[in-house]
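*Asks:* model-v8.cif is reproduced in full below (mmCIF, C-alpha atoms (C1' of nucleotides)).
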data_final
#
loop_
_atom_site.label_atom_id
_atom_site.label_comp_id
_atom_site.auth_asym_id
_atom_site.auth_seq_id
_atom_site.Cartn_x
_atom_site.Cartn_y
_atom_site.Cartn_z
CA MET H 31 113.67 14.95 46.02
CA ASN H 32 117.26 15.22 47.06
CA GLU H 33 117.79 17.11 50.26
CA HIS H 34 120.61 18.43 52.39
CA VAL H 35 122.79 19.31 49.42
CA HIS H 36 122.53 21.44 46.37
CA PRO H 37 119.72 19.85 44.43
CA SER H 38 121.42 20.30 41.08
CA ALA H 39 119.57 17.37 39.62
CA ASP H 40 116.19 18.75 40.56
CA LEU H 41 116.53 22.11 38.89
CA THR H 42 113.86 23.05 36.44
CA LYS H 43 114.77 24.05 32.92
CA ASN H 44 114.76 27.77 33.63
CA GLN H 45 116.68 27.34 36.84
CA SER H 46 119.32 25.28 35.06
CA LEU H 47 119.71 27.87 32.34
CA VAL H 48 120.13 30.70 34.82
CA MET H 49 122.51 28.62 36.92
CA GLY H 50 124.50 27.81 33.82
CA ALA H 51 124.85 31.44 32.86
CA LEU H 52 126.12 32.32 36.32
CA THR H 53 128.49 29.37 36.46
CA LYS H 54 130.04 30.14 33.10
CA SER H 55 130.59 33.75 34.04
CA ASN H 56 133.66 34.54 36.07
CA GLY H 57 131.98 37.46 37.74
CA PRO H 58 128.58 38.57 39.00
CA LEU H 59 125.74 39.12 36.56
CA SER H 60 122.69 41.32 36.79
CA ALA H 61 119.28 39.80 36.21
CA TYR H 62 118.90 41.71 32.97
CA THR H 63 122.27 40.58 31.69
CA ILE H 64 121.20 37.02 32.33
CA LEU H 65 117.96 37.72 30.52
CA ASP H 66 119.82 38.96 27.46
CA GLN H 67 122.07 35.92 27.46
CA LEU H 68 119.10 33.60 27.56
CA ARG H 69 116.91 35.20 24.93
CA ASP H 70 118.02 32.56 22.46
CA HIS H 71 116.73 29.95 24.86
CA GLY H 72 113.27 31.44 24.93
CA PHE H 73 113.56 33.88 27.78
CA ARG H 74 111.39 36.91 27.18
CA ALA H 75 110.70 38.65 30.50
CA PRO H 76 112.63 39.64 33.64
CA LEU H 77 110.30 37.64 35.81
CA GLN H 78 111.52 34.40 34.32
CA VAL H 79 115.00 35.27 35.51
CA TYR H 80 113.92 36.58 38.89
CA ARG H 81 111.83 33.52 39.65
CA ALA H 82 114.73 31.23 38.87
CA LEU H 83 117.11 33.40 40.89
CA ASP H 84 114.79 33.36 43.88
CA LYS H 85 114.86 29.60 43.94
CA LEU H 86 118.60 29.34 43.38
CA VAL H 87 119.23 31.76 46.22
CA GLU H 88 116.84 29.76 48.38
CA PHE H 89 118.79 26.61 47.53
CA GLY H 90 122.00 28.36 48.50
CA MET H 91 123.47 27.93 45.04
CA VAL H 92 123.50 31.61 44.21
CA HIS H 93 124.22 34.68 46.29
CA ARG H 94 122.90 38.15 45.78
CA LEU H 95 125.36 41.00 46.01
CA GLU H 96 123.41 43.89 47.48
CA SER H 97 125.95 46.55 46.68
CA LEU H 98 125.97 45.59 43.01
CA ASN H 99 122.38 44.53 42.43
CA ALA H 100 123.84 41.42 40.90
CA PHE H 101 124.08 37.69 41.46
CA VAL H 102 126.95 35.26 41.65
CA ALA H 103 127.18 31.47 41.68
CA CYS H 104 128.25 30.03 45.00
CA ARG H 105 131.60 28.37 44.80
CA HIS H 106 131.30 26.41 48.04
CA PRO H 107 129.87 22.99 47.24
CA ASP H 108 127.99 22.71 50.52
CA CYS H 109 127.34 26.32 51.24
CA ASP H 110 124.71 26.70 53.89
CA ASP H 111 122.57 29.66 52.95
CA ASN H 112 122.15 30.64 56.58
CA GLU H 113 125.86 30.96 57.16
CA THR H 114 127.52 34.32 57.27
CA ILE H 115 129.41 34.92 54.08
CA ALA H 116 131.60 37.84 53.19
CA PHE H 117 132.40 38.97 49.69
CA MET H 118 135.45 40.81 48.46
CA ILE H 119 134.51 42.67 45.31
CA CYS H 120 137.27 44.08 43.14
CA GLU H 121 136.28 47.39 41.61
CA GLY H 122 138.95 46.96 38.99
CA CYS H 123 138.19 43.63 37.35
CA GLY H 124 134.83 42.86 38.89
CA GLN H 125 135.95 39.56 40.32
CA VAL H 126 134.25 38.43 43.49
CA ASN H 127 135.87 36.41 46.22
CA GLU H 128 133.68 34.54 48.64
CA ILE H 129 135.00 33.97 52.13
CA THR H 130 133.61 32.38 55.25
CA ASP H 131 135.23 33.24 58.53
CA ASN H 132 134.05 31.95 61.87
CA THR H 133 135.65 34.76 63.82
CA LEU H 134 133.77 37.29 61.74
CA ALA H 135 130.52 35.37 61.95
CA SER H 136 130.68 34.96 65.71
CA ARG H 137 131.50 38.66 66.16
CA LEU H 138 128.41 39.57 64.20
CA ARG H 139 126.31 37.21 66.27
CA PHE H 140 127.80 38.72 69.41
CA LEU H 141 126.99 42.25 68.34
CA ALA H 142 123.44 41.26 67.49
CA GLY H 143 123.07 39.48 70.82
CA GLN H 144 124.27 42.52 72.73
CA ALA H 145 121.44 44.53 71.24
CA SER H 146 118.90 41.73 71.65
CA PHE H 147 118.62 41.73 67.92
CA ALA H 148 117.30 38.53 66.32
CA LEU H 149 119.71 38.16 63.45
CA LYS H 150 118.28 36.64 60.29
CA LYS H 151 120.77 37.46 57.59
CA SER H 152 124.13 39.18 57.35
CA THR H 153 125.38 41.13 54.40
CA VAL H 154 129.13 41.72 54.35
CA GLU H 155 130.60 43.15 51.17
CA LEU H 156 134.11 44.54 50.95
CA ARG H 157 134.95 46.84 48.07
CA GLY H 158 138.46 47.53 46.92
CA LEU H 159 141.15 46.31 44.57
CA CYS H 160 142.42 42.77 44.24
CA ARG H 161 146.11 42.03 44.13
CA SER H 162 146.39 42.05 40.34
CA CYS H 163 144.45 45.27 39.93
CA GLN H 164 146.63 47.12 42.42
CA ALA H 165 149.60 46.65 40.13
CA ALA H 166 147.91 48.47 37.27
CA MET M 242 136.56 73.88 48.89
CA ASN M 243 136.51 70.75 51.00
CA GLU M 244 136.96 70.74 54.74
CA HIS M 245 138.25 68.26 57.24
CA VAL M 246 135.11 67.88 59.28
CA HIS M 247 131.42 67.84 58.66
CA PRO M 248 130.92 71.08 56.85
CA SER M 249 127.40 71.59 58.13
CA ALA M 250 127.67 75.31 57.70
CA ASP M 251 128.77 74.96 54.10
CA LEU M 252 125.82 72.94 52.87
CA THR M 253 124.01 74.31 49.87
CA LYS M 254 120.30 74.90 50.04
CA ASN M 255 119.39 71.59 48.45
CA GLN M 256 121.85 69.69 50.59
CA SER M 257 120.40 71.27 53.73
CA LEU M 258 116.88 70.38 52.73
CA VAL M 259 117.77 66.76 52.05
CA MET M 260 119.80 66.56 55.25
CA GLY M 261 116.85 67.99 57.15
CA ALA M 262 114.46 65.43 55.77
CA LEU M 263 116.77 62.59 56.77
CA THR M 264 117.42 64.03 60.22
CA LYS M 265 113.74 64.44 60.98
CA SER M 266 112.95 60.91 59.92
CA ASN M 267 113.54 58.16 62.45
CA GLY M 268 114.28 55.65 59.76
CA PRO M 269 115.90 55.37 56.36
CA LEU M 270 114.34 57.15 53.40
CA SER M 271 114.49 56.39 49.72
CA ALA M 272 115.55 59.10 47.33
CA TYR M 273 112.05 59.31 45.88
CA THR M 274 110.47 59.58 49.30
CA ILE M 275 112.74 62.51 50.01
CA LEU M 276 111.77 63.99 46.67
CA ASP M 277 108.09 63.81 47.55
CA GLN M 278 108.70 65.42 50.92
CA LEU M 279 110.54 68.30 49.33
CA ARG M 280 108.20 69.09 46.47
CA ASP M 281 106.82 72.00 48.45
CA HIS M 282 110.34 73.38 48.64
CA GLY M 283 110.76 73.42 44.90
CA PHE M 284 112.15 69.97 44.26
CA ARG M 285 110.99 68.64 40.93
CA ALA M 286 113.36 65.90 39.79
CA PRO M 287 115.15 62.89 41.31
CA LEU M 288 118.49 64.25 40.30
CA GLN M 289 118.19 67.12 42.71
CA VAL M 290 117.94 64.60 45.51
CA TYR M 291 120.65 62.30 44.23
CA ARG M 292 123.10 65.12 43.77
CA ALA M 293 122.57 66.31 47.31
CA LEU M 294 122.82 62.76 48.63
CA ASP M 295 126.09 62.17 46.80
CA LYS M 296 127.63 65.12 48.53
CA LEU M 297 126.22 64.28 51.93
CA VAL M 298 127.54 60.74 51.66
CA GLU M 299 130.89 62.14 50.58
CA PHE M 300 130.89 64.39 53.66
CA GLY M 301 130.11 61.37 55.82
CA MET M 302 126.87 62.89 57.06
CA VAL M 303 124.66 60.32 55.39
CA HIS M 304 125.03 56.61 54.85
CA ARG M 305 123.62 54.56 52.08
CA LEU M 306 121.99 51.26 53.00
CA GLU M 307 122.76 48.96 50.10
CA SER M 308 120.31 46.29 51.03
CA LEU M 309 117.44 48.78 51.18
CA ASN M 310 118.37 51.21 48.44
CA ALA M 311 117.79 53.91 51.00
CA PHE M 312 119.65 56.54 52.95
CA VAL M 313 119.98 57.37 56.61
CA ALA M 314 121.45 60.31 58.50
CA CYS M 315 124.63 59.51 60.38
CA ARG M 316 124.18 59.74 64.11
CA HIS M 317 127.84 59.90 64.99
CA PRO M 318 128.87 63.54 65.14
CA ASP M 319 132.37 62.93 63.82
CA CYS M 320 131.76 59.89 61.74
CA ASP M 321 134.66 59.25 59.44
CA ASP M 322 133.29 58.02 56.16
CA ASN M 323 136.19 55.62 55.75
CA GLU M 324 135.48 53.86 58.99
CA THR M 325 133.81 50.51 59.05
CA ILE M 326 130.23 50.85 60.15
CA ALA M 327 127.69 48.14 60.66
CA PHE M 328 123.94 48.56 60.51
CA MET M 329 121.29 46.54 62.22
CA ILE M 330 118.11 46.87 60.23
CA CYS M 331 114.86 45.74 61.80
CA GLU M 332 112.55 44.16 59.26
CA GLY M 333 109.62 44.75 61.57
CA CYS M 334 109.65 48.46 62.27
CA GLY M 335 112.30 49.61 59.81
CA GLN M 336 114.47 51.19 62.47
CA VAL M 337 118.16 51.24 61.79
CA ASN M 338 120.88 50.98 64.40
CA GLU M 339 124.34 52.16 63.56
CA ILE M 340 127.22 50.49 65.34
CA THR M 341 130.97 50.79 65.17
CA ASP M 342 133.04 47.99 66.53
CA ASN M 343 136.79 47.90 66.44
CA THR M 344 136.97 44.14 66.73
CA LEU M 345 134.77 43.77 63.70
CA ALA M 346 136.62 46.43 61.75
CA SER M 347 140.03 44.93 62.45
CA ARG M 348 138.81 41.49 61.51
CA LEU M 349 137.66 42.79 58.16
CA ARG M 350 140.99 44.53 57.64
CA PHE M 351 142.74 41.30 58.55
CA LEU M 352 140.73 39.27 56.07
CA ALA M 353 141.41 41.78 53.35
CA GLY M 354 145.09 41.82 54.18
CA GLN M 355 145.30 38.05 53.99
CA ALA M 356 144.08 38.19 50.42
CA SER M 357 146.24 41.19 49.53
CA PHE M 358 143.02 43.03 48.93
CA ALA M 359 143.19 46.82 49.09
CA LEU M 360 140.08 47.56 51.10
CA LYS M 361 138.29 50.78 50.24
CA LYS M 362 134.87 50.44 51.76
CA SER M 363 133.03 47.92 53.90
CA THR M 364 129.33 47.24 53.80
CA VAL M 365 127.97 45.40 56.81
CA GLU M 366 124.21 45.18 57.13
CA LEU M 367 122.47 42.88 59.57
CA ARG M 368 118.82 42.07 58.96
CA GLY M 369 116.51 40.75 61.62
CA LEU M 370 114.12 41.83 64.33
CA CYS M 371 114.79 44.35 67.03
CA ARG M 372 113.90 43.65 70.63
CA SER M 373 110.49 45.29 70.51
CA CYS M 374 109.47 43.62 67.28
CA GLN M 375 110.32 40.17 68.59
CA ALA M 376 107.62 40.53 71.22
CA ALA M 377 104.92 41.07 68.65
"C1'" DG R 188 87.82 12.60 37.66
"C1'" DG R 189 88.71 16.25 40.78
"C1'" DT R 190 91.83 18.96 43.46
"C1'" DG R 191 96.00 21.16 45.04
"C1'" DT R 192 100.46 22.71 44.06
"C1'" DG R 193 104.22 24.54 41.73
"C1'" DA R 194 106.44 26.18 37.55
"C1'" DC R 195 105.69 28.90 33.59
"C1'" DG R 196 104.46 32.91 30.29
"C1'" DT R 197 102.94 37.69 29.36
"C1'" DT R 198 101.85 42.37 30.16
"C1'" DA R 199 102.01 46.22 32.69
"C1'" DT R 200 103.72 48.78 36.25
"C1'" DC R 201 106.59 50.31 39.92
"C1'" DT R 202 110.93 51.79 42.11
"C1'" DC R 203 115.65 53.22 41.78
"C1'" DA R 204 119.30 55.76 39.34
"C1'" DT R 205 121.75 58.09 35.56
"C1'" DT R 206 122.69 60.58 31.03
"C1'" DA R 207 122.51 64.66 28.50
"C1'" DC R 208 121.92 69.36 27.90
"C1'" DA R 209 121.40 74.21 29.32
"C1'" DA R 210 121.56 78.07 32.53
"C1'" DG R 211 123.32 80.68 36.59
"C1'" DA R 212 126.64 81.55 40.16
"C1'" DT R 213 131.27 81.94 41.91
"C1'" DT R 214 136.03 82.15 42.06
"C1'" DG R 215 140.51 83.39 40.30
"C1'" DC R 216 143.46 85.89 37.52
"C1'" DG R 217 145.60 88.62 33.71
"C1'" DC P 230 137.09 94.99 34.42
"C1'" DG P 231 136.78 90.90 31.21
"C1'" DC P 232 137.22 86.29 30.69
"C1'" DA P 233 137.87 81.46 31.76
"C1'" DA P 234 137.34 77.64 34.86
"C1'" DT P 235 134.59 75.43 37.95
"C1'" DC P 236 130.63 74.33 40.58
"C1'" DT P 237 125.75 74.10 41.50
"C1'" DT P 238 121.27 73.97 39.70
"C1'" DG P 239 117.13 72.83 36.76
"C1'" DT P 240 114.68 69.90 33.44
"C1'" DA P 241 113.60 66.18 30.41
"C1'" DA P 242 114.40 61.80 28.96
"C1'" DT P 243 115.90 57.35 29.58
"C1'" DG P 244 118.13 53.31 31.56
"C1'" DA P 245 118.27 49.66 35.07
"C1'" DG P 246 116.27 46.81 38.66
"C1'" DA P 247 112.19 44.49 40.54
"C1'" DT P 248 107.41 43.19 41.24
"C1'" DA P 249 102.11 42.78 40.70
"C1'" DA P 250 98.41 40.67 38.54
"C1'" DC P 251 96.66 37.99 35.44
"C1'" DG P 252 96.09 33.24 33.24
"C1'" DT P 253 97.84 28.62 31.73
"C1'" DC P 254 99.95 24.15 32.04
"C1'" DA P 255 101.87 19.80 34.08
"C1'" DC P 256 101.75 16.65 37.54
"C1'" DA P 257 101.14 14.28 41.94
"C1'" DC P 258 97.67 12.57 45.02
"C1'" DC P 259 93.40 10.82 46.74
#
Go ahead and render the structure in this file as structure tokens.
*Replies:*
Amino acid sequence: MNEHVHPSADLTKNQSLVMGALTKSNGPLSAYTILDQLRDHGFRAPLQVYRALDKLVEFGMVHRLESLNAFVACRHPDCDDNETIAFMICEGCGQVNEITDNTLASRLRFLAGQASFALKKSTVELRGLCRSCQAA
Amino acid sequence: MNEHVHPSADLTKNQSLVMGALTKSNGPLSAYTILDQLRDHGFRAPLQVYRALDKLVEFGMVHRLESLNAFVACRHPDCDDNETIAFMICEGCGQVNEITDNTLASRLRFLAGQASFALKKSTVELRGLCRSCQAA
DNA sequence: GGTGTGACGTTATCTCATTACAAGATTGCG
DNA sequence: CGCAATCTTGTAATGAGATAACGTCACACC
């Protein structure tokens, strides 16, 4: 079992299929959209997608976008799933930009610390318009 | 028509009822939980709740927690709905803490600016355990 | 062989949210 | 007043997202 990095080689068949669908897409996909895309490959029920997604998220290969109820492939090769990640989501074209920023992350940790709050996971999602979509 | 501040006096009956339910609760409520609580007051369908919530969110009196699919009454009397707000959500007791932090907000604006991203709304939700729940 | 574990498949169900249509209520104005 | 425009409401139906509960299968390990 490969450790420490994205275990791409160890993915099961279903996990690979779901990962493939997300990688090919240039935007986030909902679980049901993935299901529809994989019906030809034998997928029949939402749970098949959700189980694969759970694992992929656990591996840090996929992120869940809470404000969209959708999932996106991680573009950082060695993305630590515990790290604070921020997403910029364009409401025009649907594109998602993934950014990591230490200043942001440490500010969030500071705020949590001030309140004696044991931080487990941060969700930071910025909605707006990307450069191209502002022109239109 | 619309006002410049929280138009508490201008709430419709349904909006007042929903606002009341959220204010009385010491944690976030889902739309369907609100619906159940208001059945005695004539509420019959989810849409009655969602319509009221839409307006209350628009007025800045209620915030939506994306990671919970739930809603919480704003505790800041003059909360501007455009302002960046962060939530600390305890996974133990369900309590939600609302915090505004200028350093955080300006960092998010900076990151957006760097990418020429026209920021409309920020979602910042921290999950973890509050002080009391860490003891247990 | 027996046992534990993890992935898989299927059905049903649950929660969250919206679409579509109709009826009152209110405001504004000729 | 009479009428249109707009807003709020009510109701039913449906769409979208997620999980529970069952059973099966493959495989590693002793």
*Asks:* Wanna dump the chain M-chain H contacts at 12 Å for me, each residue with its shortest atom pair and the distance in Å to one decimal, counting all atoms listed in the file, ordered by chain and number, as a Markdown table?
*Replies:*
| residue | atom | partner | partner_atom | distance |
| --- | --- | --- | --- | --- |
| M:Arg305 | CA | H:Ser97 | CA | 9.9 |
| M:Leu306 | CA | H:Ser97 | CA | 8.8 |
| M:Glu307 | CA | H:Ser97 | CA | 5.3 |
| M:Ser308 | CA | H:Glu96 | CA | 5.3 |
| M:Leu309 | CA | H:Glu96 | CA | 8.6 |
| M:Asn310 | CA | H:Glu96 | CA | 8.9 |
| M:Ala311 | CA | H:Ser97 | CA | 11.8 |
| M:Asn323 | CA | H:Arg157 | CA | 11.7 |
| M:Thr325 | CA | H:Leu156 | CA | 10.1 |
| M:Ile326 | CA | H:Val154 | CA | 10.9 |
| M:Ala327 | CA | H:Val154 | CA | 9.1 |
| M:Phe328 | CA | H:Thr153 | CA | 9.7 |
| M:Met329 | CA | H:Ala142 | CA | 7.8 |
| M:Ile330 | CA | H:Phe147 | CA | 9.3 |
| M:Cys331 | CA | H:Phe147 | CA | 8.2 |
| M:Glu332 | CA | H:Lys150 | CA | 9.5 |
| M:Gly333 | CA | H:Ala148 | CA | 11.0 |
| M:Gln336 | CA | H:Phe147 | CA | 11.7 |
| M:Val337 | CA | H:Phe147 | CA | 11.3 |
| M:Asn338 | CA | H:Ala145 | CA | 9.4 |
| M:Glu339 | CA | H:Ala145 | CA | 11.2 |
| M:Ile340 | CA | H:Leu141 | CA | 8.8 |
| M:Thr341 | CA | H:Leu141 | CA | 9.9 |
| M:Asp342 | CA | H:Leu141 | CA | 8.5 |
| M:Asn343 | CA | H:Arg137 | CA | 10.7 |
| M:Thr344 | CA | H:Arg137 | CA | 7.8 |
| M:Leu345 | CA | H:Arg137 | CA | 6.5 |
| M:Ala346 | CA | H:Leu134 | CA | 9.6 |
| M:Ser347 | CA | H:Leu134 | CA | 9.9 |
| M:Arg348 | CA | H:Leu134 | CA | 6.6 |
| M:Leu349 | CA | H:Leu134 | CA | 7.6 |
| M:Arg350 | CA | H:Leu156 | CA | 9.6 |
| M:Phe351 | CA | H:Leu134 | CA | 10.3 |
| M:Leu352 | CA | H:Asp131 | CA | 8.5 |
| M:Ala353 | CA | H:Met118 | CA | 7.8 |
| M:Gly354 | CA | H:Arg161 | CA | 10.1 |
| M:Gln355 | CA | H:Arg161 | CA | 10.7 |
| M:Ala356 | CA | H:Arg161 | CA | 7.6 |
| M:Ser357 | CA | H:Arg161 | CA | 5.5 |
| M:Phe358 | CA | H:Cys160 | CA | 4.7 |
| M:Ala359 | CA | H:Leu159 | CA | 5.0 |
| M:Leu360 | CA | H:Gly158 | CA | 4.5 |
| M:Lys361 | CA | H:Gly158 | CA | 4.6 |
| M:Lys362 | CA | H:Arg157 | CA | 5.2 |
| M:Ser363 | CA | H:Leu156 | CA | 4.6 |
| M:Thr364 | CA | H:Glu155 | CA | 5.0 |
| M:Val365 | CA | H:Val154 | CA | 4.6 |
| M:Glu366 | CA | H:Thr153 | CA | 5.0 |
| M:Leu367 | CA | H:Ser152 | CA | 4.6 |
| M:Arg368 | CA | H:Lys151 | CA | 5.2 |
| M:Gly369 | CA | H:Leu149 | CA | 4.5 |
| M:Leu370 | CA | H:Ala148 | CA | 5.0 |
| M:Cys371 | CA | H:Phe147 | CA | 4.7 |
| M:Arg372 | CA | H:Ser146 | CA | 5.5 |
| M:Ser373 | CA | H:Ser146 | CA | 9.2 |
| M:Cys374 | CA | H:Phe147 | CA | 9.4 |
| M:Gln375 | CA | H:Ala148 | CA | 7.5 |
| M:Ala376 | CA | H:Ala148 | CA | 11.0 |
*Asks:* I'd like the contact shell of DT253 in chain P - 12 Å cut-off, all atoms listed in the file, skipping same-chain residues fewer than 4 positions apart - returned as a list in words.
*Replies:*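 Residues meeting the cut-off are DA194, DC195, DG196 and DT197 of chain R.
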*Asks:* Run through the PyMOL selection byres ((chain R and resi 210) around 9) on the given coordinates and return the selected residues as a PyMOL selection string.
*Replies:* (chain R and resi 209+211) or (chain P and resi 238-239)
*Asks:* Can you work out which residues from chain H touch chain P at a cut-off of 10 Å (counting all atoms listed in the file) and hand them back as a list in words?
*Replies:*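 The selection requested is Ser60, Ala61, Tyr62, Pro76, Leu77, Tyr80, Asn99 and Ala100 of chain H.
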*Asks:* Please report the interatomic distance between CA of Gly90 in chain H and CA of Cys104 in chain H in Å with one decimal.
*Replies:*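 About the pair CA of Gly90 in chain H and CA of Cys104 in chain H: they are 7.4 Å apart.
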*Asks:* Between CA of Leu41 in chain H and CA of Phe89 in chain H, what is the distance, to one decimal in Å?
*Replies:*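 Computed distance, CA of Leu41 in chain H to CA of Phe89 in chain H, equals 10.0 Å.
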*Asks:* Put chain M on top of chain H with a least-squares fit on all C-alpha atoms, paired in order, and send it back as a tab-separated table (two decimals) with C-alpha atoms, in the frame of the given file.
*Replies:*
chain	number	residue	atom	x	y	z
M	242	MET	CA	109.83	18.64	47.54
M	243	ASN	CA	112.82	20.27	49.18
M	244	GLU	CA	116.05	18.48	49.90
M	245	HIS	CA	118.79	18.88	52.43
M	246	VAL	CA	121.62	19.56	50.04
M	247	HIS	CA	122.10	21.33	46.78
M	248	PRO	CA	119.50	19.70	44.64
M	249	SER	CA	121.45	20.13	41.43
M	250	ALA	CA	119.71	17.21	39.85
M	251	ASP	CA	116.29	18.61	40.67
M	252	LEU	CA	116.71	21.96	38.95
M	253	THR	CA	114.04	22.87	36.45
M	254	LYS	CA	115.02	23.80	32.94
M	255	ASN	CA	114.99	27.53	33.59
M	256	GLN	CA	116.88	27.15	36.84
M	257	SER	CA	119.55	25.10	35.09
M	258	LEU	CA	119.94	27.65	32.35
M	259	VAL	CA	120.33	30.52	34.80
M	260	MET	CA	122.71	28.48	36.95
M	261	GLY	CA	124.74	27.68	33.85
M	262	ALA	CA	125.04	31.30	32.86
M	263	LEU	CA	126.28	32.24	36.33
M	264	THR	CA	128.70	29.32	36.50
M	265	LYS	CA	130.26	30.13	33.16
M	266	SER	CA	130.74	33.75	34.06
M	267	ASN	CA	133.79	34.64	36.11
M	268	GLY	CA	132.04	37.54	37.73
M	269	PRO	CA	128.64	38.60	38.98
M	270	LEU	CA	125.80	39.06	36.51
M	271	SER	CA	122.72	41.21	36.69
M	272	ALA	CA	119.35	39.64	36.11
M	273	TYR	CA	118.95	41.49	32.83
M	274	THR	CA	122.36	40.42	31.61
M	275	ILE	CA	121.36	36.84	32.26
M	276	LEU	CA	118.12	37.48	30.41
M	277	ASP	CA	119.99	38.72	27.36
M	278	GLN	CA	122.29	35.71	27.41
M	279	LEU	CA	119.36	33.34	27.51
M	280	ARG	CA	117.17	34.87	24.84
M	281	ASP	CA	118.33	32.22	22.41
M	282	HIS	CA	117.05	29.61	24.84
M	283	GLY	CA	113.56	31.03	24.87
M	284	PHE	CA	113.79	33.54	27.68
M	285	ARG	CA	111.59	36.53	27.01
M	286	ALA	CA	110.85	38.29	30.30
M	287	PRO	CA	112.76	39.35	33.43
M	288	LEU	CA	110.46	37.35	35.61
M	289	GLN	CA	111.71	34.11	34.19
M	290	VAL	CA	115.16	35.03	35.42
M	291	TYR	CA	114.05	36.36	38.77
M	292	ARG	CA	111.99	33.30	39.53
M	293	ALA	CA	114.90	31.02	38.80
M	294	LEU	CA	117.24	33.22	40.83
M	295	ASP	CA	114.90	33.18	43.81
M	296	LYS	CA	115.00	29.43	43.90
M	297	LEU	CA	118.73	29.20	43.36
M	298	VAL	CA	119.35	31.65	46.18
M	299	GLU	CA	116.97	29.65	48.35
M	300	PHE	CA	118.95	26.50	47.54
M	301	GLY	CA	122.15	28.31	48.49
M	302	MET	CA	123.63	27.84	45.04
M	303	VAL	CA	123.63	31.52	44.19
M	304	HIS	CA	124.33	34.61	46.24
M	305	ARG	CA	122.94	38.03	45.75
M	306	LEU	CA	125.35	40.94	45.98
M	307	GLU	CA	123.33	43.75	47.50
M	308	SER	CA	125.76	46.48	46.72
M	309	LEU	CA	125.83	45.55	43.03
M	310	ASN	CA	122.28	44.41	42.45
M	311	ALA	CA	123.81	41.35	40.87
M	312	PHE	CA	124.14	37.63	41.41
M	313	VAL	CA	127.04	35.24	41.61
M	314	ALA	CA	127.32	31.46	41.66
M	315	CYS	CA	128.40	30.02	44.98
M	316	ARG	CA	131.79	28.40	44.80
M	317	HIS	CA	131.51	26.43	48.00
M	318	PRO	CA	130.10	23.01	47.17
M	319	ASP	CA	128.16	22.68	50.41
M	320	CYS	CA	127.51	26.28	51.15
M	321	ASP	CA	124.86	26.64	53.79
M	322	ASP	CA	122.73	29.60	52.90
M	323	ASN	CA	122.38	30.56	56.54
M	324	GLU	CA	126.09	30.86	57.05
M	325	THR	CA	127.76	34.21	57.19
M	326	ILE	CA	129.62	34.89	54.00
M	327	ALA	CA	131.72	37.87	53.12
M	328	PHE	CA	132.48	39.09	49.63
M	329	MET	CA	135.44	41.04	48.42
M	330	ILE	CA	134.42	42.90	45.31
M	331	CYS	CA	137.12	44.43	43.15
M	332	GLU	CA	136.03	47.73	41.67
M	333	GLY	CA	138.71	47.42	39.02
M	334	CYS	CA	138.05	44.11	37.34
M	335	GLY	CA	134.71	43.19	38.89
M	336	GLN	CA	135.95	39.89	40.26
M	337	VAL	CA	134.30	38.68	43.40
M	338	ASN	CA	135.98	36.67	46.13
M	339	GLU	CA	133.86	34.70	48.52
M	340	ILE	CA	135.24	34.13	51.99
M	341	THR	CA	133.94	32.46	55.11
M	342	ASP	CA	135.55	33.31	58.37
M	343	ASN	CA	134.46	31.92	61.68
M	344	THR	CA	135.97	34.76	63.66
M	345	LEU	CA	133.99	37.25	61.66
M	346	ALA	CA	130.81	35.21	61.83
M	347	SER	CA	131.01	34.76	65.59
M	348	ARG	CA	131.69	38.43	66.09
M	349	LEU	CA	128.55	39.29	64.17
M	350	ARG	CA	126.57	36.78	66.21
M	351	PHE	CA	128.01	38.30	69.36
M	352	LEU	CA	127.04	41.82	68.36
M	353	ALA	CA	123.55	40.70	67.52
M	354	GLY	CA	123.26	38.84	70.79
M	355	GLN	CA	124.33	41.88	72.76
M	356	ALA	CA	121.42	43.80	71.31
M	357	SER	CA	118.99	40.90	71.69
M	358	PHE	CA	118.71	40.96	67.94
M	359	ALA	CA	117.50	37.76	66.30
M	360	LEU	CA	119.91	37.54	63.40
M	361	LYS	CA	118.52	36.02	60.22
M	362	LYS	CA	120.95	37.00	57.52
M	363	SER	CA	124.25	38.84	57.30
M	364	THR	CA	125.42	40.91	54.39
M	365	VAL	CA	129.13	41.64	54.34
M	366	GLU	CA	130.54	43.18	51.19
M	367	LEU	CA	134.00	44.67	50.98
M	368	ARG	CA	134.74	47.05	48.12
M	369	GLY	CA	138.22	47.88	46.96
M	370	LEU	CA	140.94	46.79	44.59
M	371	CYS	CA	142.31	43.32	44.20
M	372	ARG	CA	146.03	42.68	44.07
M	373	SER	CA	146.30	42.76	40.30
M	374	CYS	CA	144.26	45.92	39.93
M	375	GLN	CA	146.39	47.80	42.43
M	376	ALA	CA	149.37	47.45	40.13
M	377	ALA	CA	147.63	49.20	37.29
*Asks:* Once the PyMOL selection byres ((chain H and resi 58) around 6) has been evaluated on this model, what residues remain selected, and can you format them as a PyMOL selection string?
*Replies:* chain H and resi 57+59+100-102
*Asks:* Have a look at CA of Asn44 in chain H and C1' of DC201 in chain R and let me know their distance in Å, one decimal.
*Replies:* 24.8 Å
*Asks:* Would you please work out which residue, of H:Ala51, H:Ala75, H:Met91, H:Ser46, is nearest to chain R when using only C-alpha atoms (C1' of nucleotides)?
*Replies:*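 Answer, going by the shortest atom-to-atom distance: H:Ala75.
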